[in-house]
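> One structure is given below, represented as structure tokens, and several questions about it will come after.
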Amino acid sequence: MTAKSTFMDEVKEQPEVLRKLVESYEKELAPRLQEAAELIKSKPLLVIVGMGSSCFAGELLAQRLNGTKLKVINCDASELFHYQQGILSDNIVMLAISQSGESAETCLVAEARSESVPLICITNNEESRLAGMGDIVLPLLAGHEEGTSSKTFVATMALLHLLADAVLDENLLSSANASEIANLVQELTGALGEEVARFLPQFGDFSSLAFIGRGPGLVSALQGALITQEMTQVPAAGLSAGQFRHGPIEAAGPHLLTVIFAPYGRTTQLLVKLAQDCASFGSPTWLVTDTSVSIASTENLFVSQLPLVREELSPLLSILAPELLGVAIAERKGLEPGRFQKISKVTNFE
């Protein structure tokens with residue numbers, strides 16, 4: 001019997017999972033990926049469904065494909081099943097994402113679709129309920145995962161970029177740059193962990209967290225809030241920076257730790273300004289960026305500089321920030337990071 005893995009063991013496996021997945025889809029799984037891409041291009045609308053991490057990752061594909069002749073909507077599977085089934089028409093392709101392949105709502109939506117609606121499944125379990133319904137199954141190849149989503153989330157993000165590349169005839173995530181990113185993740189795991197250990201004691205006794213981003217950074221924010229709550233039992237919200245400006249910023253103060261993702265791209269300066277404002281209102285603020293900024297760390301503001309990558313790929317690096325922050329907060333509270341206390345890892349009932 002193998003020993004149980006810890007959350008940090010699984011975090012440390014992320015670089016190898018990334019390398020293996022991209023290499024596999026460039027080789028033996030390339031025909032399956034291309035078949036999925038051609039199916040997506042054959043219909044005017046792609047409907048992505050998932051829950052939790054799987055739903056958040058779907059935003060990356062929606063962001064890359066929207067604006068082309070293709071149209072994409074990324075849906076919370078539970079809301080779609082109970083309130084929006086009219087969208088399950090004959091003229092769509094459905095992409096269902098579930099790491100376990102057993103998520104109740106995602107499976108219910110897949111079952112509820114018209115027989116004429118083709119189904120592409122992304123899952124880490126090819127023997128699952130969801131995979132059994134799929135016309136095309138794209139495996140995550142992440143291996144067994146016990147705790148809070150980490151390596152399966154990275155694998156999902158990477159696979160969605162590969163699918164976007166196949167649809168758009170681009171090469172954003174080749175095996176060469178995937179290997180480079182994997183090396184950076186390996187190096188950052190220790191370095192970011194040390195930075196968290198330095199700033200966290202200075203940030204006082206905050207009672208809640210807000211993870212904030214725009215575009216690809218919003219994916220890190222949403223996932224960051226989810227996994228931090230799971231690991232620490234501390235309330236956390238994942239918000240777009242625009243939505244945060246429209247009201248929630250009123251909650252800024254010593255009790256609210258804000259984590260702001262500002263990769264180099266269209267909205268970097270807006271995010272940097274937001275970090276400065278949050279710190280000025282007394283919120284302990286962690287700015288996670290891969291661009292040079294003209295502000296220095298202060299009493300309320302800590303700046304972490306990540307290596308520069310394409311904005312679309314930035315969550316593959318920046319997701320380390322909430323993973324390591326969650327571990328540090330959990331350990332400070334005497335909790336085992338990544339170990340569920342009240343629920344199981346797989347939510348197979350509503």
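Ligands are numbered from 1 in the order shown, residues from 1 within each chain, and chains are lettered A, B, ... in the order they appear in the structure tokens.
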Using DSSP on the backbone, list every residue of region 34-119 of chain A that comes out as strand (DSSP E or B), and give them as a PyMOL selection string.

chain A and resi 45-50+66+68+71-76+92-97+119

> Show me, as an mmCIF file with N, CA and C atoms, in the first residue's frame, the residues that have an atom within 12 Å of Gln229 (chain A) when counting only C-alpha atoms, minus same-chain residues fewer than 6 positions from it.


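Output file out-v4.cif follows:
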```
data_model
loop_
_atom_site.group_PDB
_atom_site.id
_atom_site.type_symbol
_atom_site.label_atom_id
_atom_site.label_comp_id
_atom_site.auth_asym_id
_atom_site.auth_seq_id
_atom_site.Cartn_x
_atom_site.Cartn_y
_atom_site.Cartn_z
ATOM 1 N N THR A 148 -7.204 18.903 -2.141
ATOM 2 C CA THR A 148 -7.706 20.052 -2.885
ATOM 3 C C THR A 148 -7.067 20.096 -4.268
ATOM 4 N N SER A 207 -9.416 38.270 8.755
ATOM 5 C CA SER A 207 -10.466 37.268 8.945
ATOM 6 C C SER A 207 -11.117 36.809 7.646
ATOM 7 N N SER A 208 -10.743 37.428 6.532
ATOM 8 C CA SER A 208 -11.294 37.028 5.236
ATOM 9 C C SER A 208 -10.310 37.419 4.139
ATOM 10 N N LEU A 209 -10.529 36.874 2.951
ATOM 11 C CA LEU A 209 -9.630 37.126 1.825
ATOM 12 C C LEU A 209 -10.428 37.459 0.580
ATOM 13 N N ALA A 210 -9.825 38.284 -0.280
ATOM 14 C CA ALA A 210 -10.382 38.552 -1.606
ATOM 15 C C ALA A 210 -9.289 38.309 -2.633
ATOM 16 N N PHE A 211 -9.566 37.468 -3.610
ATOM 17 C CA PHE A 211 -8.642 37.194 -4.714
ATOM 18 C C PHE A 211 -9.203 37.895 -5.943
ATOM 19 N N LEU A 222 -10.403 33.161 -9.044
ATOM 20 C CA LEU A 222 -11.528 32.301 -8.710
ATOM 21 C C LEU A 222 -11.070 30.995 -8.082
ATOM 22 N N GLN A 223 -10.070 30.380 -8.710
ATOM 23 C CA GLN A 223 -9.541 29.138 -8.161
ATOM 24 C C GLN A 223 -8.856 29.382 -6.819
ATOM 25 N N PRO A 235 -13.286 32.482 5.144
ATOM 26 C CA PRO A 235 -14.079 32.980 4.016
ATOM 27 C C PRO A 235 -13.212 33.703 2.987
ATOM 28 N N ALA A 236 -13.437 33.408 1.722
ATOM 29 C CA ALA A 236 -12.676 34.036 0.642
ATOM 30 C C ALA A 236 -13.580 34.228 -0.563
ATOM 31 N N ALA A 237 -13.353 35.310 -1.290
ATOM 32 C CA ALA A 237 -14.125 35.601 -2.499
ATOM 33 C C ALA A 237 -13.169 35.760 -3.673
ATOM 34 N N GLY A 238 -13.564 35.233 -4.817
ATOM 35 C CA GLY A 238 -12.836 35.459 -6.058
ATOM 36 C C GLY A 238 -13.632 36.414 -6.921
ATOM 37 N N PRO A 322 -1.868 31.240 -4.568
ATOM 38 C CA PRO A 322 -2.876 30.812 -3.595
ATOM 39 C C PRO A 322 -2.630 29.412 -3.039
ATOM 40 N N GLU A 323 -2.018 28.543 -3.834
ATOM 41 C CA GLU A 323 -1.712 27.209 -3.309
ATOM 42 C C GLU A 323 -0.797 27.312 -2.088
ATOM 43 N N LEU A 325 -0.073 30.100 -0.317
ATOM 44 C CA LEU A 325 -0.691 30.908 0.731
ATOM 45 C C LEU A 325 -1.660 30.059 1.554
ATOM 46 N N GLY A 326 -2.450 29.245 0.871
ATOM 47 C CA GLY A 326 -3.393 28.386 1.574
ATOM 48 C C GLY A 326 -2.692 27.419 2.511
ATOM 49 N N VAL A 327 -1.577 26.859 2.063
ATOM 50 C CA VAL A 327 -0.804 25.953 2.923
ATOM 51 C C VAL A 327 -0.337 26.681 4.177
ATOM 52 N N ILE A 329 -1.520 29.445 5.641
ATOM 53 C CA ILE A 329 -2.605 29.816 6.547
ATOM 54 C C ILE A 329 -3.145 28.580 7.268
ATOM 55 N N ALA A 330 -3.298 27.491 6.528
ATOM 56 C CA ALA A 330 -3.804 26.259 7.139
ATOM 57 C C ALA A 330 -2.881 25.783 8.256
ATOM 58 N N LEU A 335 -4.320 23.171 10.736
ATOM 59 C CA LEU A 335 -5.055 22.290 9.823
ATOM 60 C C LEU A 335 -4.094 21.611 8.861
ATOM 61 N N PRO A 337 -3.205 20.987 5.275
ATOM 62 C CA PRO A 337 -3.578 21.595 3.991
ATOM 63 C C PRO A 337 -4.093 20.559 3.002
ATOM 64 N N GLY A 338 -5.213 20.903 2.374
ATOM 65 C CA GLY A 338 -5.731 20.059 1.308
ATOM 66 C C GLY A 338 -6.563 18.885 1.748
ATOM 67 N N ARG A 339 -6.690 18.667 3.051
ATOM 68 C CA ARG A 339 -7.463 17.520 3.548
ATOM 69 C C ARG A 339 -8.884 17.976 3.885
ATOM 70 N N PHE A 340 -9.868 17.412 3.206
ATOM 71 C CA PHE A 340 -11.258 17.821 3.429
ATOM 72 C C PHE A 340 -11.731 17.337 4.794
ATOM 73 N N GLN A 341 -12.440 18.214 5.507
ATOM 74 C CA GLN A 341 -12.930 17.901 6.840
ATOM 75 C C GLN A 341 -14.423 17.554 6.857
#
```

> By how many Å are CA of Val137 (chain A) and CA of Ala77 (chain A) apart?

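CA of Val137 (chain A) sits 18.2 Å away from CA of Ala77 (chain A).
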
> What is the distance, in Å and to one decimal place, between CA of Cys121 (chain A) and CA of Val185 (chain A)?

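About the pair CA of Cys121 (chain A) and CA of Val185 (chain A): they are 27.1 Å apart.
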
> What does the distance between CA of Gly253 (chain A) and CA of Arg198 (chain A) come to in Å, to one decimal place?

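That distance, rounded to one decimal, is 20.4 Å.
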
> Calculated over only C-alpha atoms, which of the candidates A:Leu172, A:Cys107, A:Ala166, A:Gln85 has the smallest distance to Glu350 (chain A)?

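Looking at the shortest contact to Glu350 (chain A), the residue is A:Cys107.
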
> Name all residues at most 12 Å from Ser24 (chain A) (count only C-alpha atoms; drop same-chain ones fewer than 5 positions away) and give them as a PyMOL selection string.

chain A and resi 17-19+29-33+138-142+155+158-159+162+174-175+178

> Write to file, as a CSV table (one decimal), in the first residue's frame, the residues of the selection just made, with C-alpha atoms.


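See again21.csv below for the written result:
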```csv
chain,number,residue,atom,x,y,z
A,17,VAL,CA,2.2,16.7,-15.1
A,18,LEU,CA,2.4,19.7,-17.4
A,19,ARG,CA,5.4,18.3,-19.3
A,29,LEU,CA,-3.2,11.9,-28.4
A,30,ALA,CA,-2.8,14.4,-31.2
A,31,PRO,CA,-5.4,12.8,-33.4
A,32,ARG,CA,-8.0,12.8,-30.6
A,33,LEU,CA,-7.3,16.5,-29.9
A,138,LEU,CA,-9.6,14.0,-23.5
A,139,PRO,CA,-7.8,12.6,-20.5
A,140,LEU,CA,-5.9,14.9,-18.1
A,141,LEU,CA,-3.2,12.4,-17.3
A,142,ALA,CA,-2.6,13.9,-13.9
A,155,ALA,CA,-3.6,19.9,-16.3
A,158,ALA,CA,-3.0,23.3,-20.1
A,159,LEU,CA,-5.3,20.9,-22.0
A,162,LEU,CA,-3.9,22.8,-26.4
A,174,SER,CA,4.2,23.8,-27.4
A,175,SER,CA,6.2,21.1,-25.6
A,178,ALA,CA,5.5,23.9,-21.6
```

> Per residue of region 172-276 of chain A within 9 Å of region 55-76 of chain A, note the shortest atom pair and the distance in Å to one decimal, counting only C-alpha atoms, and order the rows by chain and increasing residue number, as JSON lines.


```
{"residue": "A:Gly215", "atom": "CA", "partner": "A:Gln63", "partner_atom": "CA", "distance": 7.5}
{"residue": "A:Pro216", "atom": "CA", "partner": "A:Leu60", "partner_atom": "CA", "distance": 6.4}
{"residue": "A:Leu218", "atom": "CA", "partner": "A:Phe56", "partner_atom": "CA", "distance": 8.6}
{"residue": "A:Val219", "atom": "CA", "partner": "A:Phe56", "partner_atom": "CA", "distance": 5.7}
{"residue": "A:Ser220", "atom": "CA", "partner": "A:Phe56", "partner_atom": "CA", "distance": 8.4}
{"residue": "A:Leu222", "atom": "CA", "partner": "A:Phe56", "partner_atom": "CA", "distance": 6.5}
{"residue": "A:Gln223", "atom": "CA", "partner": "A:Phe56", "partner_atom": "CA", "distance": 6.6}
```

> Those residues with N, CA and C atoms, as a PDB file, in the first residue's frame please?


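The file below, again.pdb, is the result:
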```
ATOM      1  N   GLY A 215      -9.297  39.029 -16.870  1.00  0.00           N
ATOM      2  CA  GLY A 215      -8.853  38.151 -17.943  1.00  0.00           C
ATOM      3  C   GLY A 215      -8.308  36.842 -17.393  1.00  0.00           C
ATOM      4  N   PRO A 216      -7.165  36.374 -17.884  1.00  0.00           N
ATOM      5  CA  PRO A 216      -6.591  35.132 -17.361  1.00  0.00           C
ATOM      6  C   PRO A 216      -6.325  35.185 -15.853  1.00  0.00           C
ATOM      7  N   LEU A 218      -8.194  36.419 -13.676  1.00  0.00           N
ATOM      8  CA  LEU A 218      -9.433  36.123 -12.964  1.00  0.00           C
ATOM      9  C   LEU A 218      -9.562  34.625 -12.707  1.00  0.00           C
ATOM     10  N   VAL A 219      -9.022  33.814 -13.604  1.00  0.00           N
ATOM     11  CA  VAL A 219      -9.045  32.357 -13.410  1.00  0.00           C
ATOM     12  C   VAL A 219      -8.268  31.985 -12.150  1.00  0.00           C
ATOM     13  N   SER A 220      -7.087  32.597 -11.980  1.00  0.00           N
ATOM     14  CA  SER A 220      -6.310  32.355 -10.761  1.00  0.00           C
ATOM     15  C   SER A 220      -7.050  32.858  -9.530  1.00  0.00           C
ATOM     16  N   LEU A 222     -10.403  33.161  -9.044  1.00  0.00           N
ATOM     17  CA  LEU A 222     -11.528  32.301  -8.710  1.00  0.00           C
ATOM     18  C   LEU A 222     -11.070  30.995  -8.082  1.00  0.00           C
ATOM     19  N   GLN A 223     -10.070  30.380  -8.710  1.00  0.00           N
ATOM     20  CA  GLN A 223      -9.541  29.138  -8.161  1.00  0.00           C
ATOM     21  C   GLN A 223      -8.856  29.382  -6.819  1.00  0.00           C
TER      22      GLN A 223
END
```
